[in-house]
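Peer 1: Please find upload01.txt (compact mmCIF, C-alpha atoms and all ligand atoms) on the next line:
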```txt
# COMPACT_ATOMS: atom_id res chain seq x y z
CA MET A 13 -0.46 -19.32 -22.30
CA HIS A 14 1.99 -18.22 -25.02
CA PRO A 15 4.70 -20.90 -25.43
CA PHE A 16 8.15 -19.77 -24.27
CA ALA A 17 11.69 -21.15 -24.17
CA TYR A 18 13.14 -22.08 -20.77
CA VAL A 19 16.79 -21.08 -20.46
CA ALA A 20 19.00 -21.81 -17.43
CA PRO A 21 22.34 -20.00 -17.77
CA SER A 22 25.14 -20.52 -15.27
CA THR A 23 26.72 -17.06 -15.36
CA VAL A 24 25.48 -13.47 -15.14
CA ALA A 25 27.06 -12.75 -18.56
CA GLU A 26 25.06 -15.54 -20.20
CA ALA A 27 21.86 -14.46 -18.44
CA VAL A 28 22.07 -10.81 -19.50
CA ALA A 29 23.02 -11.83 -23.07
CA GLU A 30 19.89 -13.99 -23.20
CA LEU A 31 17.68 -11.26 -21.69
CA SER A 32 19.10 -8.67 -24.07
CA LYS A 33 18.44 -10.91 -27.09
CA HIS A 34 14.70 -11.00 -26.31
CA GLY A 35 14.18 -7.45 -24.98
CA ASP A 36 10.87 -7.13 -23.14
CA ARG A 37 9.76 -10.58 -24.36
CA ALA A 38 11.98 -12.33 -21.76
CA ARG A 39 11.91 -12.28 -17.98
CA PRO A 40 14.16 -13.65 -15.25
CA LEU A 41 12.70 -16.50 -13.19
CA ALA A 42 13.63 -16.69 -9.50
CA GLY A 43 11.16 -18.66 -7.34
CA GLY A 44 8.42 -18.18 -9.92
CA THR A 45 5.70 -17.54 -7.33
CA ASP A 46 4.72 -14.26 -9.01
CA LEU A 47 6.07 -14.91 -12.50
CA LEU A 48 4.18 -18.14 -13.13
CA VAL A 49 0.90 -16.68 -11.88
CA LYS A 50 1.29 -13.69 -14.21
CA ALA A 51 2.48 -15.78 -17.17
CA ARG A 52 -0.56 -18.04 -16.82
CA ALA A 53 -2.80 -14.98 -16.65
CA ASN A 54 -1.20 -13.74 -19.91
CA VAL A 55 0.03 -10.54 -18.30
CA TRP A 56 2.99 -10.79 -20.71
CA GLU A 57 3.61 -12.60 -23.96
CA LEU A 58 7.01 -14.11 -23.30
CA ASP A 59 9.42 -15.76 -25.75
CA ALA A 60 11.86 -16.82 -23.02
CA VAL A 61 12.07 -17.30 -19.28
CA VAL A 62 15.62 -17.05 -17.93
CA ASP A 63 16.01 -19.15 -14.77
CA ILE A 64 18.57 -17.52 -12.47
CA LYS A 65 18.88 -20.36 -9.97
CA ASN A 66 21.93 -21.96 -11.66
CA ILE A 67 23.97 -18.78 -11.29
CA PRO A 68 26.03 -19.19 -8.09
CA GLU A 69 26.44 -15.41 -7.58
CA LEU A 70 22.65 -14.96 -7.50
CA MET A 71 22.11 -17.83 -5.04
CA THR A 72 24.63 -16.69 -2.41
CA LEU A 73 24.19 -14.99 0.94
CA THR A 74 27.30 -13.21 2.20
CA ILE A 75 27.58 -11.51 5.57
CA ASN A 76 30.83 -9.81 6.56
CA GLY A 77 32.36 -6.63 7.99
CA SER A 78 30.87 -4.43 5.31
CA GLY A 79 27.33 -5.78 5.44
CA LEU A 80 24.97 -8.34 3.97
CA SER A 81 24.71 -9.33 0.32
CA ILE A 82 21.54 -11.19 -0.66
CA GLY A 83 21.73 -12.90 -4.05
CA ALA A 84 18.66 -12.10 -6.16
CA GLY A 85 17.51 -15.73 -6.23
CA VAL A 86 18.09 -16.69 -2.57
CA PRO A 87 14.80 -18.03 -1.17
CA CYS A 88 13.27 -16.49 1.95
CA TYR A 89 13.84 -19.52 4.19
CA GLN A 90 17.61 -19.25 3.73
CA VAL A 91 17.42 -15.63 4.87
CA TYR A 92 15.39 -16.22 8.04
CA ASP A 93 17.14 -19.51 8.90
CA ASN A 94 20.53 -17.78 8.98
CA SER A 95 21.40 -17.06 12.62
CA GLU A 96 23.75 -14.18 11.80
CA ILE A 97 21.08 -12.46 9.70
CA ALA A 98 18.52 -13.06 12.44
CA ALA A 99 20.84 -11.44 14.99
CA GLN A 100 21.98 -8.47 12.89
CA TYR A 101 19.04 -7.85 10.53
CA PRO A 102 15.84 -8.86 12.36
CA GLY A 103 13.83 -6.34 10.32
CA ILE A 104 14.66 -8.29 7.14
CA VAL A 105 13.69 -11.53 8.86
CA ASP A 106 10.34 -9.98 9.92
CA GLY A 107 9.51 -9.46 6.22
CA ALA A 108 11.00 -12.65 4.75
CA SER A 109 9.23 -14.88 7.26
CA ILE A 110 5.70 -13.68 6.40
CA ILE A 111 5.85 -13.83 2.59
CA GLY A 112 3.24 -16.55 1.97
CA GLY A 113 3.51 -19.86 3.80
CA ILE A 114 6.40 -22.29 4.09
CA GLN A 115 5.97 -23.59 0.52
CA ILE A 116 6.18 -20.06 -0.93
CA GLN A 117 9.13 -19.18 1.32
CA SER A 118 10.99 -22.26 0.08
CA ARG A 119 10.92 -20.88 -3.48
CA ALA A 120 10.33 -17.14 -3.31
CA GLY A 121 13.01 -14.63 -2.43
CA LEU A 122 13.48 -10.97 -1.62
CA GLY A 123 14.88 -10.35 -5.13
CA GLY A 124 11.65 -11.56 -6.75
CA ASN A 125 9.60 -9.65 -4.18
CA LEU A 126 11.44 -6.46 -5.09
CA CYS A 127 11.35 -6.97 -8.89
CA ASN A 128 7.64 -7.84 -8.76
CA ALA A 129 7.14 -4.34 -7.31
CA ALA A 130 3.80 -4.93 -5.60
CA PRO A 131 3.04 -1.95 -3.31
CA SER A 132 2.31 -4.64 -0.69
CA GLY A 133 5.67 -6.44 -1.03
CA ASP A 134 6.46 -7.46 2.54
CA GLY A 135 10.19 -7.87 1.93
CA ILE A 136 10.76 -4.34 0.68
CA PRO A 137 10.05 -1.87 3.55
CA SER A 138 12.86 -3.16 5.77
CA LEU A 139 15.29 -3.00 2.83
CA ILE A 140 14.33 0.64 2.31
CA ALA A 141 14.53 1.40 6.04
CA LEU A 142 18.01 -0.19 6.17
CA SER A 143 19.27 1.88 3.18
CA ALA A 144 19.86 -1.19 1.02
CA VAL A 145 20.99 -0.91 -2.58
CA ALA A 146 20.13 -3.02 -5.66
CA LYS A 147 23.06 -4.24 -7.79
CA ILE A 148 21.94 -4.51 -11.39
CA ALA A 149 23.73 -6.05 -14.41
CA SER A 150 23.21 -5.81 -18.17
CA VAL A 151 25.31 -6.34 -21.27
CA ASN A 152 26.48 -2.74 -20.78
CA GLY A 153 27.92 -3.30 -17.29
CA THR A 154 26.58 -2.83 -13.76
CA ARG A 155 24.82 -0.07 -11.86
CA GLU A 156 23.42 0.45 -8.37
CA VAL A 157 20.05 1.87 -7.34
CA ALA A 158 18.85 2.67 -3.80
CA ILE A 159 15.95 0.37 -2.95
CA GLU A 160 13.67 3.34 -2.20
CA ASN A 161 14.04 4.36 -5.87
CA PHE A 162 13.76 0.85 -7.35
CA CYS A 163 9.98 0.40 -7.55
CA THR A 164 8.31 3.13 -9.60
CA GLY A 165 4.68 1.98 -9.58
CA PRO A 166 2.55 -1.15 -9.29
CA SER A 167 4.56 -3.90 -11.09
CA ARG A 168 6.96 -1.25 -12.39
CA THR A 169 10.65 -0.83 -11.56
CA VAL A 170 13.71 1.05 -12.79
CA LEU A 171 14.89 -2.13 -14.56
CA LYS A 172 15.16 -1.72 -18.32
CA ALA A 173 14.67 -4.59 -20.76
CA GLY A 174 17.76 -6.81 -20.57
CA GLU A 175 18.68 -5.82 -17.01
CA LEU A 176 19.05 -8.34 -14.20
CA LEU A 177 19.00 -7.79 -10.45
CA VAL A 178 22.15 -9.50 -9.18
CA SER A 179 21.96 -8.83 -5.45
CA ILE A 180 20.63 -6.64 -2.69
CA GLU A 181 23.41 -5.02 -0.66
CA VAL A 182 22.54 -4.06 2.92
CA PRO A 183 25.03 -1.95 4.89
CA LYS A 184 26.38 -3.21 8.21
CA PRO A 185 24.00 -2.04 10.94
CA ALA A 186 25.31 0.96 12.89
CA ALA A 187 26.04 0.59 16.61
CA ASN A 188 22.92 0.96 18.81
CA SER A 189 20.58 0.42 15.88
CA GLY A 190 17.52 -1.76 15.40
CA ALA A 191 14.87 -2.44 12.77
CA ALA A 192 11.42 -4.03 12.57
CA TYR A 193 8.60 -4.67 10.10
CA THR A 194 4.96 -5.60 10.51
CA ARG A 195 1.82 -5.58 8.39
CA PHE A 196 -1.88 -5.64 9.10
CA ILE A 197 -3.94 -8.40 7.51
CA PRO A 198 -7.57 -8.95 8.54
CA ARG A 199 -7.25 -12.70 8.86
CA ASN A 200 -4.46 -15.25 8.49
CA GLU A 201 -5.89 -16.68 5.26
CA MET A 202 -5.57 -13.37 3.47
CA ASP A 203 -1.94 -12.51 3.00
CA ILE A 204 -1.90 -9.19 1.15
CA ALA A 205 -1.07 -6.39 3.56
CA VAL A 206 -3.74 -3.74 4.11
CA ALA A 207 -0.87 -1.63 5.44
CA GLY A 208 2.75 -2.41 6.36
CA VAL A 209 5.48 -0.43 8.13
CA GLY A 210 9.25 -1.00 8.31
CA VAL A 211 11.39 1.07 10.69
CA PHE A 212 15.11 1.50 11.28
CA VAL A 213 16.38 3.51 14.25
CA GLN A 214 19.84 4.42 15.48
CA LEU A 215 20.13 5.54 19.10
CA ASP A 216 22.95 7.38 20.82
CA ALA A 217 25.28 5.54 23.21
CA SER A 218 22.96 6.22 26.18
CA GLY A 219 20.07 4.53 24.33
CA LYS A 220 17.83 7.44 25.37
CA ASN A 221 17.92 9.58 22.21
CA PHE A 222 17.37 8.96 18.52
CA GLU A 223 20.32 9.72 16.26
CA SER A 224 18.54 8.85 13.02
CA ALA A 225 15.57 6.87 11.71
CA ARG A 226 14.07 5.69 8.42
CA ILE A 227 10.45 4.64 8.03
CA ALA A 228 9.04 2.85 4.96
CA LEU A 229 5.38 2.13 4.20
CA ALA A 230 3.75 -0.68 2.21
CA SER A 231 0.25 -0.98 0.69
CA VAL A 232 -0.64 2.66 1.21
CA GLY A 233 0.32 4.11 -2.18
CA PRO A 234 0.99 3.10 -5.78
CA THR A 235 4.44 2.03 -4.66
CA LEU A 236 6.48 1.65 -1.47
CA ILE A 237 6.92 4.96 0.36
CA LEU A 238 9.96 6.25 2.24
CA ALA A 239 8.34 8.50 4.85
CA SER A 240 11.36 10.82 5.12
CA ALA A 241 9.73 13.56 7.21
CA ALA A 242 8.58 10.98 9.75
CA GLY A 243 12.04 9.41 10.09
CA ASP A 244 13.87 12.75 10.10
CA SER A 245 11.57 14.09 12.82
CA LEU A 246 13.11 11.65 15.30
CA ALA A 247 16.76 12.66 14.75
CA GLY A 248 18.21 14.24 17.88
CA LYS A 249 14.99 13.78 19.88
CA PRO A 250 14.53 11.81 23.10
CA VAL A 251 12.95 8.38 22.91
CA ASN A 252 9.54 9.03 24.46
CA ASP A 253 5.82 8.71 23.71
CA GLU A 254 5.57 12.27 22.45
CA THR A 255 8.34 12.06 19.81
CA ILE A 256 7.14 8.63 18.68
CA ALA A 257 3.53 9.85 18.37
CA ALA A 258 4.67 12.87 16.34
CA ALA A 259 6.66 10.67 13.94
CA SER A 260 3.73 8.26 13.63
CA ALA A 261 1.41 11.14 12.69
CA LEU A 262 3.91 12.26 10.01
CA ALA A 263 4.03 8.71 8.64
CA ARG A 264 0.24 8.79 8.44
CA ASP A 265 0.47 12.04 6.45
CA ALA A 266 2.94 10.42 4.02
CA ALA A 267 0.53 7.59 3.19
CA THR A 268 -1.51 8.01 -0.01
CA PRO A 269 -3.77 4.95 0.04
CA ILE A 270 -6.89 4.14 -1.94
CA THR A 271 -10.13 2.59 -0.78
CA ASP A 272 -10.59 -0.93 -2.11
CA MET A 273 -12.06 -4.29 -1.06
CA ARG A 274 -9.34 -4.70 1.59
CA GLY A 275 -9.60 -1.36 3.37
CA THR A 276 -10.57 2.29 3.22
CA ILE A 277 -8.32 5.33 2.96
CA GLU A 278 -9.11 6.33 6.54
CA GLN A 279 -8.52 2.82 7.92
CA ARG A 280 -5.19 2.51 6.12
CA LYS A 281 -3.97 5.90 7.34
CA GLN A 282 -4.98 4.98 10.88
CA LEU A 283 -3.17 1.66 10.53
CA VAL A 284 0.01 3.41 9.38
CA GLU A 285 -0.04 5.64 12.45
CA VAL A 286 -0.59 2.75 14.85
CA LEU A 287 1.89 0.36 13.19
CA THR A 288 4.57 3.06 12.94
CA GLY A 289 4.38 3.66 16.69
CA ARG A 290 4.60 -0.06 17.37
CA MET A 291 7.53 -0.59 15.00
CA ILE A 292 9.49 2.39 16.34
CA ASN A 293 9.12 0.93 19.83
CA LYS A 294 10.14 -2.52 18.62
CA ALA A 295 13.16 -1.17 16.73
CA VAL A 296 14.18 0.78 19.86
CA GLU A 297 13.87 -2.37 21.96
CA ARG A 298 16.11 -4.22 19.49
CA ALA A 299 18.60 -1.35 19.35
CA ARG A 300 18.92 -1.50 23.13
CA GLY A 301 19.55 -5.28 22.88
C1 LIG A 401 0.15 -18.16 -2.29
C2 LIG A 401 0.99 -16.92 -2.37
C3 LIG A 401 1.16 -16.14 -1.24
C4 LIG A 401 1.93 -14.98 -1.30
N1 LIG A 401 2.08 -14.23 -0.16
C5 LIG A 401 2.81 -13.10 -0.20
C6 LIG A 401 2.96 -12.30 0.97
O1 LIG A 401 2.45 -12.62 2.04
N2 LIG A 401 3.71 -11.16 0.88
C7 LIG A 401 4.30 -10.78 -0.29
O2 LIG A 401 4.98 -9.74 -0.31
N3 LIG A 401 4.18 -11.53 -1.41
C8 LIG A 401 3.45 -12.67 -1.40
N4 LIG A 401 3.31 -13.42 -2.54
C9 LIG A 401 3.94 -12.99 -3.78
C10 LIG A 401 5.33 -13.65 -4.06
O3 LIG A 401 5.45 -14.89 -3.46
C11 LIG A 401 6.48 -12.74 -3.61
O4 LIG A 401 6.43 -11.49 -4.26
C12 LIG A 401 7.86 -13.39 -3.83
O5 LIG A 401 8.81 -12.76 -3.02
C13 LIG A 401 8.32 -13.39 -5.28
O6 LIG A 401 9.59 -13.99 -5.35
P1 LIG A 401 9.96 -15.07 -6.46
O7 LIG A 401 11.38 -15.46 -6.19
O8 LIG A 401 8.98 -16.18 -6.52
O9 LIG A 401 9.86 -14.17 -7.79
P2 LIG A 401 9.47 -14.57 -9.29
O10 LIG A 401 8.05 -14.94 -9.38
O11 LIG A 401 10.46 -15.54 -9.84
O12 LIG A 401 9.72 -13.15 -9.98
C14 LIG A 401 8.89 -12.04 -9.69
C15 LIG A 401 9.14 -10.95 -10.74
O13 LIG A 401 10.47 -10.45 -10.62
C16 LIG A 401 11.21 -10.69 -11.83
N5 LIG A 401 12.52 -11.11 -11.42
C17 LIG A 401 12.83 -12.16 -10.61
N6 LIG A 401 14.15 -12.20 -10.38
C18 LIG A 401 14.68 -11.16 -11.06
C19 LIG A 401 16.02 -10.68 -11.21
N7 LIG A 401 17.07 -11.27 -10.63
N8 LIG A 401 16.23 -9.58 -11.98
C20 LIG A 401 15.17 -8.96 -12.59
N9 LIG A 401 13.89 -9.37 -12.48
C21 LIG A 401 13.65 -10.47 -11.72
C22 LIG A 401 10.45 -11.77 -12.58
O14 LIG A 401 10.68 -11.70 -13.98
C23 LIG A 401 9.01 -11.46 -12.19
O15 LIG A 401 8.52 -10.40 -12.98
C24 LIG A 401 2.55 -14.60 -2.51
C25 LIG A 401 2.40 -15.40 -3.65
C26 LIG A 401 1.63 -16.55 -3.60
C27 LIG A 401 1.50 -17.38 -4.84
```
Please re-express this file's structure in structure tokens.

Peer 2:
Amino acid sequence: MHPFAYVAPSTVAEAVAELSKHGDRARPLAGGTDLLVKARANVWELDAVVDIKNIPELMTLTINGSGLSIGAGVPCYQVYDNSEIAAQYPGIVDGASIIGGIQIQSRAGLGGNLCNAAPSGDGIPSLIALSAVAKIASVNGTREVAIENFCTGPSRTVLKAGELLVSIEVPKPAANSGAAYTRFIPRNEMDIAVAGVGVFVQLDASGKNFESARIALASVGPTLILASAAGDSLAGKPVNDETIAAASALARDAATPITDMRGTIEQRKQLVEVLTGRMINKAVERARG
């Protein structure tokens, strides 16, 4: 492994200055559960690793009237152990609580999951479904990017050299809304999703009709997919088997998987259809309380 400097700044300004100094030869370190594996495999030749865990802003969870802010370095266990998040954002908890085992969840966070940009990232579909936004900093200032536009390909994101993810901002859930995420894995020992589906639904006051929905897919394309036609098909429709089956079929059409050692194209498309139906029903159940 190429020798690199370990830097642990205590402010965002110091961190972005350090990242900018090294360009693409430096990377932020959150939990390290992806970064260290890749560094050891010589995926990059790094001069510096910039540990973000001493930056208070990146290690903070804030939940208030305007929504939830998840610092980029907050580990998964702090997300799913938070009772307010569990009550208001169960879809996020569904993802955070299945990323590896307890040891991984004690280090790894949703920020690292997002920046690693694996098409199978279990934390990402619910963030897309919930219309979350990434807050990004650099020496030139800050910018925001919708999570559905953040990952651009396997291990590729919109982040430019020198940019740092500061937080993930999730809007306050609308009244009568619910969200859910699940993945299919063939056995418990194998943790990379063959297919994953995250769903957000908002119902009307009667709880009998969809007002809006967003459906996001994992592991069935080169990056995460927002299945817009599937979600939009539910708007204004009654909650019943027919509308849910139609949306599930549209989600299946939006999937562009490959055949590999973990599953075939046909199996993955079938999984998307089945899991979408299940997650719409689960999100509806949660929306109805
Ligand atoms: C045994 C094992 C099991 C796993 N199981 C799963 C699983 O079930 N589901 C799943 O989705 N993943 C899984 N993973 C992958 C990994 O744990 C997750 O992707 C995790 O969320 C990464 O978070 P992290 O904090 O460790 O990120 P890190 O490894 O610290 O960082 C990941 C990448 O993001 C970059 N980065 C980190 N923070 C920032 C930032 N603030 N700004 C810009 N770039 C940043 C890093 O430079 C690196 O390229 C597993 C990994 C292992 C080793």

Peer 1: Contacts of Ala247 in chain A at 7 Å or less, counting all atoms listed in the file, minus same-chain residues fewer than 4 places along, as JSON, numbers by chain?

Peer 2: {"A": [222, 223, 224, 225]}

Peer 1: Given all atoms listed in the file as the basis, pick out the residue of A:Ile277, A:Ala207, A:Ala191, A:Ala241 nearest to Asn293 in chain A.

Peer 2: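 The answer is A:Ala191, which sits nearest to Asn293 in chain A.
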
Peer 1: What does the distance from CA of Pro87 in chain A to CA of Thr164 in chain A come to in Å, to one decimal?

Peer 2: 23.7 Å

Peer 1: All residues within 7 Å of ligand LIG 401 (chain A) are required, counting all atoms listed in the file; please report them as number ranges by chain.

Peer 2: A: 39-48, 64, 84-85, 87, 110-113, 116, 119-128, 132-135, 175-178, 203-204

Peer 1: CA of Gly248 in chain A to CA of Arg300 in chain A: how many Å, to one decimal?

Peer 2: 16.6 Å

Peer 1: Go through A:Ser32, A:Ser143, A:Ser150, A:Gln279 and flag the residue nearest Lys184 in chain A, using only C-alpha atoms for the distances.

Peer 2: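 Smallest distance to Lys184 in chain A is found for A:Ser143.
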
Peer 1: So, with all atoms listed in the file as the atoms that count, which of A:Ser138, A:Thr288, A:Ser95, A:Ser22 lies closest to Pro68 in chain A?

Peer 2: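 The closest residue to Pro68 in chain A is A:Ser22.
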
Peer 1: Extract, using only C-alpha atoms, all DNA, RNA and protein residues at most 12 Å from Pro15 in chain A, discarding same-chain residues fewer than 3 positions from it, and format them as a PyMOL selection string.

Peer 2: chain A and resi 18+37-38+51-52+54+56-61
